[in-house]
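File shown: run.cif (mmCIF, C-alpha atoms).
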```cif
data_entry
#
loop_
_atom_site.group_PDB
_atom_site.id
_atom_site.type_symbol
_atom_site.label_atom_id
_atom_site.label_comp_id
_atom_site.auth_asym_id
_atom_site.auth_seq_id
_atom_site.Cartn_x
_atom_site.Cartn_y
_atom_site.Cartn_z
ATOM 1 C CA MET I 274 -25.799 -38.166 5.005
ATOM 2 C CA THR I 275 -24.034 -35.007 3.867
ATOM 3 C CA ALA I 276 -24.862 -31.792 5.656
ATOM 4 C CA MET I 277 -25.956 -28.849 3.539
ATOM 5 C CA ALA I 278 -24.053 -25.581 3.739
ATOM 6 C CA PRO I 279 -26.118 -22.774 5.209
ATOM 7 C CA ALA I 280 -27.659 -20.429 2.656
ATOM 8 C CA ARG I 281 -26.115 -16.991 2.378
ATOM 9 C CA THR I 282 -28.327 -14.081 3.244
ATOM 10 C CA GLU I 283 -25.821 -11.403 2.193
ATOM 11 C CA PRO I 284 -23.230 -11.063 -0.575
ATOM 12 C CA ASP I 285 -19.773 -12.369 0.412
ATOM 13 C CA LEU I 286 -18.253 -8.926 0.843
ATOM 14 C CA SER I 287 -15.058 -10.364 2.377
ATOM 15 C CA PHE I 288 -14.392 -12.439 -0.736
ATOM 16 C CA LEU I 289 -15.215 -9.596 -3.109
ATOM 17 C CA LEU I 290 -12.953 -7.092 -1.338
ATOM 18 C CA ASP I 291 -10.128 -9.622 -0.825
ATOM 19 C CA HIS I 292 -10.228 -10.828 -4.424
ATOM 20 C CA ALA I 293 -10.389 -7.343 -5.935
ATOM 21 C CA GLY I 294 -7.660 -6.123 -3.575
ATOM 22 C CA HIS I 295 -5.398 -9.060 -4.411
ATOM 23 C CA ALA I 296 -5.891 -8.598 -8.153
ATOM 24 C CA LEU I 297 -5.199 -4.866 -7.847
ATOM 25 C CA ARG I 298 -2.051 -5.481 -5.741
ATOM 26 C CA THR I 299 -0.666 -7.986 -8.255
ATOM 27 C CA ARG I 300 -1.313 -5.608 -11.166
ATOM 28 C CA MET I 301 0.358 -2.816 -9.194
ATOM 29 C CA ALA I 302 3.384 -4.948 -8.344
ATOM 30 C CA ALA I 303 3.801 -6.049 -11.966
ATOM 31 C CA ALA I 304 3.515 -2.499 -13.291
ATOM 32 C CA LEU I 305 5.964 -1.056 -10.746
ATOM 33 C CA ALA I 306 8.418 -3.918 -11.361
ATOM 34 C CA GLU I 307 8.837 -2.573 -14.885
ATOM 35 C CA ILE I 308 10.715 0.391 -13.406
ATOM 36 C CA GLY I 309 12.481 -1.654 -10.727
ATOM 37 C CA LEU I 310 10.262 -0.727 -7.775
ATOM 38 C CA THR I 311 7.967 -2.594 -5.431
ATOM 39 C CA PRO I 312 4.735 -1.155 -4.037
ATOM 40 C CA ARG I 313 6.510 -0.776 -0.667
ATOM 41 C CA MET I 314 9.370 1.159 -2.250
ATOM 42 C CA HIS I 315 6.829 3.411 -3.971
ATOM 43 C CA CYS I 316 5.017 3.969 -0.674
ATOM 44 C CA VAL I 317 8.200 4.940 1.168
ATOM 45 C CA LEU I 318 9.384 7.298 -1.575
ATOM 46 C CA VAL I 319 6.069 9.111 -1.947
ATOM 47 C CA HIS I 320 5.444 9.538 1.781
ATOM 48 C CA ALA I 321 9.048 10.515 2.536
ATOM 49 C CA LEU I 322 8.739 13.289 -0.046
ATOM 50 C CA GLU I 323 5.608 14.721 1.608
ATOM 51 C CA GLU I 324 7.454 15.786 4.761
ATOM 52 C CA GLU I 325 10.349 14.775 6.994
ATOM 53 C CA ARG I 326 9.416 11.361 8.327
ATOM 54 C CA THR I 327 11.306 8.799 10.349
ATOM 55 C CA GLN I 328 11.718 5.212 9.285
ATOM 56 C CA ILE I 329 9.256 4.216 12.029
ATOM 57 C CA GLN I 330 6.626 6.702 10.811
ATOM 58 C CA LEU I 331 6.990 5.489 7.238
ATOM 59 C CA ALA I 332 6.693 1.868 8.376
ATOM 60 C CA GLU I 333 3.407 2.712 10.120
ATOM 61 C CA ILE I 334 2.046 4.497 7.038
ATOM 62 C CA GLY I 335 2.982 1.549 4.834
ATOM 63 C CA ASP I 336 1.788 -1.066 7.337
ATOM 64 C CA MET I 337 5.254 -2.669 7.415
ATOM 65 C CA ASP I 338 7.017 -4.389 10.276
ATOM 66 C CA LYS I 339 10.553 -3.295 11.225
ATOM 67 C CA THR I 340 12.305 -6.015 9.241
ATOM 68 C CA THR I 341 10.331 -5.330 6.063
ATOM 69 C CA MET I 342 10.950 -1.601 6.410
ATOM 70 C CA VAL I 343 14.707 -2.103 6.859
ATOM 71 C CA VAL I 344 14.857 -4.340 3.771
ATOM 72 C CA THR I 345 12.826 -1.802 1.775
ATOM 73 C CA VAL I 346 15.008 1.153 2.776
ATOM 74 C CA ASP I 347 18.164 -0.893 2.161
ATOM 75 C CA ALA I 348 16.929 -1.538 -1.395
ATOM 76 C CA LEU I 349 16.131 2.165 -1.896
ATOM 77 C CA GLU I 350 19.594 3.134 -0.653
ATOM 78 C CA GLU I 351 21.290 0.521 -2.815
ATOM 79 C CA ALA I 352 19.442 1.897 -5.863
ATOM 80 C CA GLY I 353 20.446 5.470 -4.966
ATOM 81 C CA LEU I 354 16.822 6.521 -4.455
ATOM 82 C CA ALA I 355 16.915 7.374 -0.740
ATOM 83 C CA GLU I 356 19.246 7.603 2.220
ATOM 84 C CA ARG I 357 18.986 7.506 5.987
ATOM 85 C CA ARG I 358 19.873 10.793 7.680
ATOM 86 C CA PRO I 359 19.677 12.179 11.207
ATOM 87 C CA SER I 360 16.401 13.939 11.964
ATOM 88 C CA SER I 361 16.531 17.721 12.242
ATOM 89 C CA THR I 362 14.177 17.583 15.246
ATOM 90 C CA ASP I 363 15.304 14.452 17.114
ATOM 91 C CA ARG I 364 18.974 13.466 17.210
ATOM 92 C CA ARG I 365 18.082 9.866 18.063
ATOM 93 C CA ALA I 366 15.804 9.383 15.065
ATOM 94 C CA ARG I 367 16.731 8.688 11.446
ATOM 95 C CA ILE I 368 14.691 10.088 8.603
ATOM 96 C CA ILE I 369 14.460 8.757 5.087
ATOM 97 C CA SER I 370 15.649 11.410 2.666
ATOM 98 C CA VAL I 371 14.741 10.940 -1.000
ATOM 99 C CA THR I 372 17.473 11.710 -3.522
ATOM 100 C CA GLU I 373 16.850 13.553 -6.799
ATOM 101 C CA LYS I 374 16.911 10.190 -8.565
ATOM 102 C CA GLY I 375 14.392 8.926 -6.001
ATOM 103 C CA ALA I 376 12.104 11.922 -6.522
ATOM 104 C CA GLU I 377 12.074 11.184 -10.262
ATOM 105 C CA ALA I 378 11.342 7.502 -9.547
ATOM 106 C CA ALA I 379 8.492 8.563 -7.222
ATOM 107 C CA ARG I 380 7.038 10.784 -9.939
ATOM 108 C CA ARG I 381 7.154 7.932 -12.459
ATOM 109 C CA SER I 382 5.828 5.363 -9.997
ATOM 110 C CA GLN I 383 2.913 7.619 -9.025
ATOM 111 C CA GLN I 384 1.955 7.870 -12.693
ATOM 112 C CA ILE I 385 2.031 4.065 -12.870
ATOM 113 C CA VAL I 386 -0.056 3.685 -9.701
ATOM 114 C CA ASP I 387 -2.575 6.228 -10.985
ATOM 115 C CA GLY I 388 -2.731 4.330 -14.285
ATOM 116 C CA VAL I 389 -3.428 1.006 -12.558
ATOM 117 C CA HIS I 390 -6.185 2.627 -10.501
ATOM 118 C CA ARG I 391 -7.579 4.382 -13.583
ATOM 119 C CA ALA I 392 -7.659 1.092 -15.543
ATOM 120 C CA ALA I 393 -9.604 -0.610 -12.748
ATOM 121 C CA LEU I 394 -12.146 2.200 -12.583
ATOM 122 C CA ASP I 395 -12.363 2.399 -16.395
ATOM 123 C CA ALA I 396 -13.643 -1.211 -16.336
ATOM 124 C CA LEU I 397 -16.842 0.270 -14.864
ATOM 125 C CA ASP I 398 -19.305 2.795 -16.216
ATOM 126 C CA ALA I 399 -18.466 6.323 -15.019
ATOM 127 C CA ASP I 400 -21.475 6.344 -12.678
ATOM 128 C CA GLU I 401 -20.544 2.951 -11.216
ATOM 129 C CA ALA I 402 -16.942 4.064 -10.678
ATOM 130 C CA GLU I 403 -18.075 7.198 -8.869
ATOM 131 C CA VAL I 404 -20.451 5.231 -6.634
ATOM 132 C CA LEU I 405 -17.768 2.605 -5.878
ATOM 133 C CA VAL I 406 -15.168 5.192 -4.855
ATOM 134 C CA ARG I 407 -17.684 7.145 -2.774
ATOM 135 C CA ALA I 408 -18.909 3.969 -1.037
ATOM 136 C CA MET I 409 -15.375 2.677 -0.371
ATOM 137 C CA ASN I 410 -14.345 6.041 1.081
ATOM 138 C CA ARG I 411 -17.408 6.016 3.301
ATOM 139 C CA LEU I 412 -16.562 2.526 4.575
ATOM 140 C CA VAL I 413 -12.860 3.177 5.231
ATOM 141 C CA GLN I 414 -13.628 6.449 6.978
ATOM 142 C CA GLY I 415 -16.538 5.010 8.931
ATOM 143 C CA HIS I 416 -17.572 1.449 9.749
ATOM 144 C CA LEU I 417 -14.339 -0.150 8.473
ATOM 145 C CA ALA I 418 -11.958 2.630 9.525
ATOM 146 C CA ALA I 419 -9.982 0.382 11.879
ATOM 147 C CA PRO I 420 -9.693 -3.320 12.619
ATOM 148 C CA VAL I 421 -11.284 -4.598 15.804
ATOM 149 C CA GLU I 422 -9.577 -6.630 18.492
ATOM 150 C CA ALA I 423 -10.133 -10.332 17.971
ATOM 151 C CA PRO I 424 -9.216 -13.239 20.273
ATOM 152 C CA GLN I 425 -7.110 -14.657 17.435
ATOM 153 C CA ALA I 426 -5.793 -12.123 14.970
ATOM 154 C CA ALA I 427 -7.124 -12.497 11.456
ATOM 155 C CA ARG I 428 -4.324 -13.149 8.984
ATOM 156 C CA ARG I 429 -3.975 -10.990 5.950
ATOM 157 C CA ALA I 430 -3.980 -12.760 2.613
ATOM 158 C CA ARG I 431 -0.544 -13.973 1.590
ATOM 159 C CA GLN I 432 1.111 -12.341 -1.343
ATOM 160 C CA ARG I 433 2.902 -14.694 -3.673
ATOM 161 C CA THR I 434 6.500 -13.838 -4.394
ATOM 162 C CA ARG I 435 8.350 -14.865 -7.459
#
```

Now that the file is in, can you turn its structure into structure tokens?
Amino acid sequence: MTAMAPARTEPDLSFLLDHAGHALRTRMAAALAEIGLTPRMHCVLVHALEEERTQIQLAEIGDMDKTTMVVTVDALEEAGLAERRPSSTDRRARIISVTEKGAEAARRSQQIVDGVHRAALDALDADEAEVLVRAMNRLVQGHLAAPVEAPQAARRARQRTR
């Protein structure tokens, strides 16, 4: 005898958010690749331009581990988009300074990111898009603002690399 799966009583919000997020991330990565950037490179450039930030601070903002951050900054330096410099407030810390070429790349990449987001929202009616954004903001600022401690950490969905 085969057991029956329990009936759902609520929509599978985890699947919906994961699937939409994955599709959006892949579209973003493909669009940014056209100008030679990754989403992580875009993140570092944009946030380093906002104010003087250390490599550690930028890694936290971008949810990157140390190794990933080092590889990302190495790629930015190699492309002439950013450089590591001593902090003006802490001699032990290194900040990521965006070059003029990097500032131009950040401007272009932000236009691309905005376009990907706009295309996703344009797939909805204007009222639906407004409700979605308002509801998502309410969740990420409220009930889903931070992950909870779990006995075994939940793994994030893998991103396929090419």

Separating atom CA of I:Arg298 from atom CA of I:Pro312, to the nearest tenth of an Å, is a gap of 8.2 Å

Residues matched by the PyMOL selection byres ((chain I and resi 345) around 12), written as number ranges by chain
I: 310-318, 328, 331-332, 335, 337-344, 346-352, 354-357, 369

Mind telling me what the PyMOL selection byres ((chain I and resi 381-395) around 12) catches here, as a PyMOL selection string?
chain I and resi 293-294+296-320+374-380+396-406

Hey, which of I:Glu325, I:Ala276, I:Asp285, I:Gln425 ends up closest to I:Thr362? Count all atoms listed in the file.
I:Glu325

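Reported to one decimal place, the separation of atom CA of I:Thr327 from atom CA of I:Arg367 is 5.5 Å.
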
So the first atom is atom CA of I:Pro279 and the second is atom CA of I:Ala423; what is the distance between them in Å, to one decimal place?
23.9 Å

What are the centre and edge lengths in Å, to one decimal, of the axis-aligned box around all listed atoms of stretch 274-279 of chain I with 5 Å added on each side, as JSON?
```
{"center_x": -25.1, "center_y": -30.5, "center_z": 4.6, "size_x": 12.1, "size_y": 25.4, "size_z": 12.1}
```

I:Leu290, I:Ala418, I:Val371, I:Val413 ranked by distance to I:Glu324, top pick (using only C-alpha atoms):
I:Val371
